[in-house]
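**Student:** The structure's right below; bear with me while I get my questions together.
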Amino acid sequence: MSQALKIRRVAGALGAEISGVDLSKPLSDELVAQIRRAFVEHQVIFFRDQDLTPAQQVAFGARFGPLNVHPFVAAMAGQPEVMEIIKEPSDRVNFGGGWHSDMSFLERPSIGSILYAVEIPEFGGDTLFASQAAAYEALSPGLQKTLDGLNAVHSASREYSSQGHSAQKRGSMKVAEADGYVGEFVHPMVLVHPETGRKALYVNPAFTLRIEGWKTRESKALLDFLFEHSRYEGFTCRFAWREGSVAFWDNRSVWHFALNDYPGQRRHMRRVTVDPWPVGAAALRPAEAVA
C-alpha cells in the first residue's frame with residue numbers, strides 16, 4: 001500500500017511543508033519520487049520533527065543525487081559531504097547572510113541543498129527564500145527576450161576572498177580564503193529547469209561577477225536591477241526553524257538568505273548539497289531524478 005504525503009503550501013510564490021514521513025528511515029523509491037515531485041513543484045520543501053544523524057542526512061540526500069564536498073568550507077570529521085554551519089554567541093558574522101544560490105560558482109552547480117536544524121536560538125535565525133522563476137515571469141516580455149540570449153560569469157573569488165562575507169572568521173567553522181585564481185564559469189542568465197521546463201533567473205549577488213561579453217560597468221546596471229527585482233517580497237517565503245526541522249531547496253530556481261538577528265546566541269545547522277548526476281550516468285539515476 002502506497003504512503004501518501006501530506007503537503008501544505010506556505011506561500012503563493014514557493015514553499016510547502018510536508019508531513020507524514022520520517023527521513024531517518026530507509027525510504028521507498030515511490031516515496032522518494034513523491035518528495036522529488038514536491039521539491040520540483042514547490043521549489044523549497046520543509047519537514048518538521050525529524051531526528052537525523054549526520055549519516056542519515058547523507059543517506060537521505062544521496063537519494064536525489066551525488067553529494068557535494070565544499071571546496072572552501074571544512075567538512076564534519078568523518079563525513080566529507082556534511083557541512084556544519086555554526087554561529088557561536090561571540091560571532092558577529094553568520095554564514096549565508098546574503099541572498100545567493102548555493103554553488104553557482106562551480107562549472108556544474110548543485111541542484112539542491114538540504115539543511116537540518118541541530119540547535120536554534122531562542123529567537124531569530126529564520127531563513128528567507130525567493131523564487132527566481134516567479135521573478136523571471138514578472139519581467140516584461142521584452143526584457144525576458146533580452147535575458148534569454150545572455151550568459152553571466154560566476155566565481156567564488158569575491159565572496160571567498162579575504163574581505164568576502166563567506167570567508168570571515170567564525171568560532172566553530174573553518175573557511176578557506178579563495179586566494180588567487182579560483183575559476184570563472186559561464187551560465188545562462190535564464191535557466192530552463194530540466195525537470196519542469198519552467199524558466200528562472202540564474203544570477204545572484206554573491207557569485208555573479210558580470211554579464212559575458214559586457215564590461216563590468218555595463219553589467220552592473222542590469223545586474224543591480226535584477227538583484228533588486230528578484231528579492232521582491234511577493235516572490236518570497238520565510239521559514240521559522242525549530243530543532244529537528246529540515247529545508248530542502250532547489251538551487252536552480254531559488255535564492256536564500258540566512259537572517260543574522262540573534263546576537264549572543266548559538267545556532268547550529270548541518271547541510272548536505274546535492275549535485276547533478278554525472279554526464280552519461282543516466283543508468284544510475286532513479287526514474288524521477290532528471291538533473
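Residue numbering restarts at 1 for every chain of the C-alpha cells, chains are lettered A, B, ... in their displayed order, and ligands are numbered from 1 as they appear.
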Just list the residues in range 179-281 of chain A DSSP gives alpha helix (DSSP H) on the backbone, as a VMD selection string.
**Tutor:** chain A and resid 216 to 230
**Student:** Residues within 7 Å of Ser24 in chain A, please, as a PyMOL selection string. Count only C-alpha atoms; anything in the same chain fewer than 4 positions from it doesn't count.
**Tutor:** chain A and resi 51-52+56
**Student:** Save the residues we just selected, all heavy atoms, as a tab-separated table (two decimals), in the first residue's frame?
**Tutor:**
chain	number	residue	atom	x	y	z
A	51	ASP	N	14.65	13.61	13.34
A	51	ASP	CA	15.79	13.30	14.22
A	51	ASP	C	16.83	12.58	13.39
A	51	ASP	O	16.78	11.35	13.23
A	51	ASP	CB	15.31	12.44	15.40
A	51	ASP	CG	16.41	12.20	16.43
A	51	ASP	OD1	17.48	12.84	16.32
A	51	ASP	OD2	16.21	11.39	17.35
A	52	LEU	N	17.75	13.35	12.83
A	52	LEU	CA	18.69	12.82	11.86
A	52	LEU	C	20.11	12.83	12.38
A	52	LEU	O	20.61	13.86	12.85
A	52	LEU	CB	18.65	13.65	10.57
A	52	LEU	CG	17.34	13.70	9.78
A	52	LEU	CD1	17.50	14.63	8.58
A	52	LEU	CD2	16.94	12.31	9.33
A	56	GLN	N	22.45	9.66	8.51
A	56	GLN	CA	21.08	9.58	7.98
A	56	GLN	C	20.77	10.74	7.04
A	56	GLN	O	20.09	10.57	6.04
A	56	GLN	CB	20.09	9.53	9.14
A	56	GLN	CG	20.11	8.22	9.90
A	56	GLN	CD	19.35	8.29	11.22
A	56	GLN	OE1	19.14	9.37	11.79
A	56	GLN	NE2	18.95	7.13	11.72
**Student:** Could you check the closest approach to Gly197 in chain A for each of A:Leu209, A:Ala16, A:Ala133, A:Ala4 and tell me which residue wins, using only C-alpha atoms?
**Tutor:**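 With only C-alpha atoms as the atom set, the closest residue is A:Ala133.
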**Student:** Give me the residues near Arg270 in chain A as a PyMOL selection string, where near means some atom within 7 Å (using only C-alpha atoms) and where sequence neighbours in that chain fewer than 6 positions away do not count.
**Tutor:** chain A and resi 82-85+115-117
**Student:** Kindly export the residues of the current selection with N, CA, C and O atoms, as a CSV table (one decimal), in the first residue's frame.
**Tutor:**
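Once written, selection01.csv looks like this:
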chain,number,residue,atom,x,y,z
A,82,VAL,N,29.2,16.5,4.7
A,82,VAL,CA,28.4,17.3,5.7
A,82,VAL,C,29.1,18.6,6.1
A,82,VAL,O,30.2,18.5,6.5
A,83,MET,N,28.4,19.7,5.9
A,83,MET,CA,29.0,21.0,6.3
A,83,MET,C,28.2,21.4,7.6
A,83,MET,O,27.0,21.4,7.6
A,84,GLU,N,29.0,21.7,8.6
A,84,GLU,CA,28.4,22.2,9.8
A,84,GLU,C,28.4,23.7,9.8
A,84,GLU,O,29.5,24.3,9.7
A,85,ILE,N,27.2,24.3,9.8
A,85,ILE,CA,27.1,25.8,9.8
A,85,ILE,C,26.7,26.3,11.2
A,85,ILE,O,25.6,26.1,11.7
A,115,LEU,N,19.2,21.4,4.5
A,115,LEU,CA,19.6,22.0,5.8
A,115,LEU,C,18.8,21.4,7.0
A,115,LEU,O,17.6,21.4,6.9
A,116,TYR,N,19.5,21.0,8.0
A,116,TYR,CA,18.9,20.4,9.2
A,116,TYR,C,19.3,21.2,10.4
A,116,TYR,O,20.4,21.5,10.6
A,117,ALA,N,18.3,21.5,11.2
A,117,ALA,CA,18.5,22.3,12.4
A,117,ALA,C,18.9,21.4,13.6
A,117,ALA,O,18.0,20.6,14.1
**Student:** Write down as a list in words the residues belonging to range 89-176 of chain A that are assigned strand (DSSP E) by DSSP computed on the backbone.
**Tutor:**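 Those residues are Gly112, Ser113, Ile114, Leu115, Tyr116, Ala117, Val118, Glu119, Thr127, Leu128, Phe129, Ala130, Ser131, Asn151, Ala152, Val153 and His154 of chain A.
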**Student:** For Ile18 in chain A, which residue out of A:Ser245, A:Phe257, A:Leu106, A:Glu81 is the nearest one, using only C-alpha atoms?
**Tutor:**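 Looking at the shortest contact to Ile18 in chain A, the residue is A:Ser245.
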**Student:** Record the distance separating CA of Pro194 in chain A and CA of Phe72 in chain A, expressed in Å with one decimal.
**Tutor:**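 Answer for the CA of Pro194 in chain A to CA of Phe72 in chain A separation: 27.7 Å.
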**Student:** Between range 107-127 of chain A and range 258-263 of chain A, at 12 Å or less, what are the per-residue closest atom pairs and their distances in Å? Count only C-alpha atoms, order by chain and rising residue number, and return it as a Markdown table.
**Tutor:**
| residue | atom | partner | partner_atom | distance |
| --- | --- | --- | --- | --- |
| A:Leu115 | CA | A:Ala258 | CA | 11.4 |
| A:Ile120 | CA | A:Tyr262 | CA | 9.7 |
| A:Pro121 | CA | A:Tyr262 | CA | 6.7 |
| A:Glu122 | CA | A:Tyr262 | CA | 8.0 |
| A:Phe123 | CA | A:Tyr262 | CA | 6.3 |
| A:Gly124 | CA | A:Tyr262 | CA | 5.2 |
| A:Gly125 | CA | A:Leu259 | CA | 5.3 |
| A:Asp126 | CA | A:Leu259 | CA | 5.7 |
| A:Thr127 | CA | A:Ala258 | CA | 4.6 |
**Student:** Which of these, A:Leu201, A:Val190, A:Ile114, A:Val93, has the shortest distance to Leu23 in chain A once you count only C-alpha atoms?
**Tutor:**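 Going through A:Leu201, A:Val190, A:Ile114, A:Val93 one by one, the smallest distance to Leu23 in chain A is for A:Ile114.
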**Student:** Give me, as a list of chain:residue names, all polymer residues having an atom no more than 8 Å from Pro188 in chain A, counting only C-alpha atoms and skipping those fewer than 6 positions away in the same chain.
**Tutor:**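 Everything that qualifies: A:Asp148, A:Gly149, A:Leu150, A:Asn151, A:Ala152, A:Tyr202.
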**Student:** What's the separation between CA of Pro80 in chain A and CA of Lys25 in chain A, in Å to one decimal place?
**Tutor:**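 Computing the Euclidean distance for CA of Pro80 in chain A and CA of Lys25 in chain A yields 21.4 Å.
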**Student:** Provide the CA of Ala156 in chain A to CA of Arg36 in chain A distance in Å, to one decimal place.
**Tutor:** 28.6 Å
**Student:** Determine the nearest neighbour of Gly97 in chain A from the options A:Ala221, A:Ala240, A:Ala206, A:Ile45, counting only C-alpha atoms.
**Tutor:**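 So, comparing all the options, the nearest one is A:Ala206.
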**Student:** In terms of the shortest atom-to-atom distance over only C-alpha atoms, which of A:Ser90, A:Ser131, A:Ser113, A:Gln57 is closest to Glu233 in chain A?
**Tutor:** A:Ser131
**Student:** Neighbouring residues of Lys87 in chain A were defined as those with any atom within 10 Å, considering only C-alpha atoms; residues of the same chain fewer than 4 positions away were excluded. Please report them as a list in words.
**Tutor:**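 Returned residues: Asp91, Arg92, Val93, Asn94, Phe95, Ile120, Pro121, Arg170, Gly171, Ser172, Met173, Asn260, Tyr262, Pro263, Gly264, Gln265, Arg266, Arg267, His268 and Met269 of chain A.
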**Student:** How would the residues just chosen look if you wrote them out with N, CA and C atoms as a PDB file, in the first residue's frame?
**Tutor:**
ATOM      1  N   ASP A  91      30.348  35.178  17.726  1.00  0.00           N
ATOM      2  CA  ASP A  91      30.491  35.511  16.312  1.00  0.00           C
ATOM      3  C   ASP A  91      29.568  36.666  15.941  1.00  0.00           C
ATOM      4  N   ARG A  92      30.078  37.570  15.153  1.00  0.00           N
ATOM      5  CA  ARG A  92      29.248  38.683  14.685  1.00  0.00           C
ATOM      6  C   ARG A  92      28.709  38.443  13.279  1.00  0.00           C
ATOM      7  N   VAL A  93      29.414  37.661  12.486  1.00  0.00           N
ATOM      8  CA  VAL A  93      29.036  37.402  11.102  1.00  0.00           C
ATOM      9  C   VAL A  93      28.519  35.972  10.985  1.00  0.00           C
ATOM     10  N   ASN A  94      27.384  35.818  10.318  1.00  0.00           N
ATOM     11  CA  ASN A  94      26.868  34.468  10.094  1.00  0.00           C
ATOM     12  C   ASN A  94      27.270  33.974   8.710  1.00  0.00           C
ATOM     13  N   PHE A  95      27.022  32.710   8.449  1.00  0.00           N
ATOM     14  CA  PHE A  95      27.323  32.102   7.156  1.00  0.00           C
ATOM     15  C   PHE A  95      26.030  32.070   6.348  1.00  0.00           C
ATOM     16  N   ILE A 120      18.953  25.777  17.690  1.00  0.00           N
ATOM     17  CA  ILE A 120      18.495  27.077  17.195  1.00  0.00           C
ATOM     18  C   ILE A 120      18.468  28.086  18.336  1.00  0.00           C
ATOM     19  N   PRO A 121      18.565  29.374  18.008  1.00  0.00           N
ATOM     20  CA  PRO A 121      18.497  30.399  19.046  1.00  0.00           C
ATOM     21  C   PRO A 121      17.084  30.534  19.608  1.00  0.00           C
ATOM     22  N   ARG A 170      35.018  32.643  11.960  1.00  0.00           N
ATOM     23  CA  ARG A 170      33.946  32.271  12.866  1.00  0.00           C
ATOM     24  C   ARG A 170      34.479  31.271  13.871  1.00  0.00           C
ATOM     25  N   GLY A 171      33.864  31.248  15.053  1.00  0.00           N
ATOM     26  CA  GLY A 171      34.394  30.443  16.141  1.00  0.00           C
ATOM     27  C   GLY A 171      34.473  28.957  15.857  1.00  0.00           C
ATOM     28  N   SER A 172      33.465  28.397  15.191  1.00  0.00           N
ATOM     29  CA  SER A 172      33.409  26.945  15.027  1.00  0.00           C
ATOM     30  C   SER A 172      33.366  26.497  13.572  1.00  0.00           C
ATOM     31  N   MET A 173      33.727  27.372  12.647  1.00  0.00           N
ATOM     32  CA  MET A 173      33.772  26.997  11.239  1.00  0.00           C
ATOM     33  C   MET A 173      35.136  27.338  10.662  1.00  0.00           C
ATOM     34  N   ASN A 260      20.599  37.181  10.274  1.00  0.00           N
ATOM     35  CA  ASN A 260      21.552  37.272  11.388  1.00  0.00           C
ATOM     36  C   ASN A 260      20.978  38.235  12.437  1.00  0.00           C
ATOM     37  N   TYR A 262      20.093  37.308  15.836  1.00  0.00           N
ATOM     38  CA  TYR A 262      20.062  36.617  17.130  1.00  0.00           C
ATOM     39  C   TYR A 262      21.403  36.805  17.854  1.00  0.00           C
ATOM     40  N   PRO A 263      21.794  38.035  18.126  1.00  0.00           N
ATOM     41  CA  PRO A 263      23.106  38.297  18.734  1.00  0.00           C
ATOM     42  C   PRO A 263      23.258  37.596  20.072  1.00  0.00           C
ATOM     43  N   GLY A 264      24.474  37.086  20.294  1.00  0.00           N
ATOM     44  CA  GLY A 264      24.780  36.456  21.572  1.00  0.00           C
ATOM     45  C   GLY A 264      24.200  35.072  21.750  1.00  0.00           C
ATOM     46  N   GLN A 265      23.665  34.478  20.680  1.00  0.00           N
ATOM     47  CA  GLN A 265      23.090  33.141  20.770  1.00  0.00           C
ATOM     48  C   GLN A 265      23.775  32.201  19.795  1.00  0.00           C
ATOM     49  N   ARG A 266      23.626  30.904  20.053  1.00  0.00           N
ATOM     50  CA  ARG A 266      24.242  29.891  19.207  1.00  0.00           C
ATOM     51  C   ARG A 266      23.210  29.318  18.226  1.00  0.00           C
ATOM     52  N   ARG A 267      23.669  29.083  17.026  1.00  0.00           N
ATOM     53  CA  ARG A 267      22.840  28.432  16.002  1.00  0.00           C
ATOM     54  C   ARG A 267      23.696  27.385  15.313  1.00  0.00           C
ATOM     55  N   HIS A 268      23.206  26.158  15.251  1.00  0.00           N
ATOM     56  CA  HIS A 268      23.978  25.045  14.708  1.00  0.00           C
ATOM     57  C   HIS A 268      23.104  24.301  13.696  1.00  0.00           C
ATOM     58  N   MET A 269      23.546  24.309  12.443  1.00  0.00           N
ATOM     59  CA  MET A 269      22.842  23.637  11.359  1.00  0.00           C
ATOM     60  C   MET A 269      23.800  22.669  10.670  1.00  0.00           C
TER      61      MET A 269
END
**Student:** Using only C-alpha atoms, which residue out of A:Ile211, A:Ala200, A:Leu27, A:Ala13 lies closest to Val186 in chain A?
**Tutor:**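 Closest candidate: A:Ile211.
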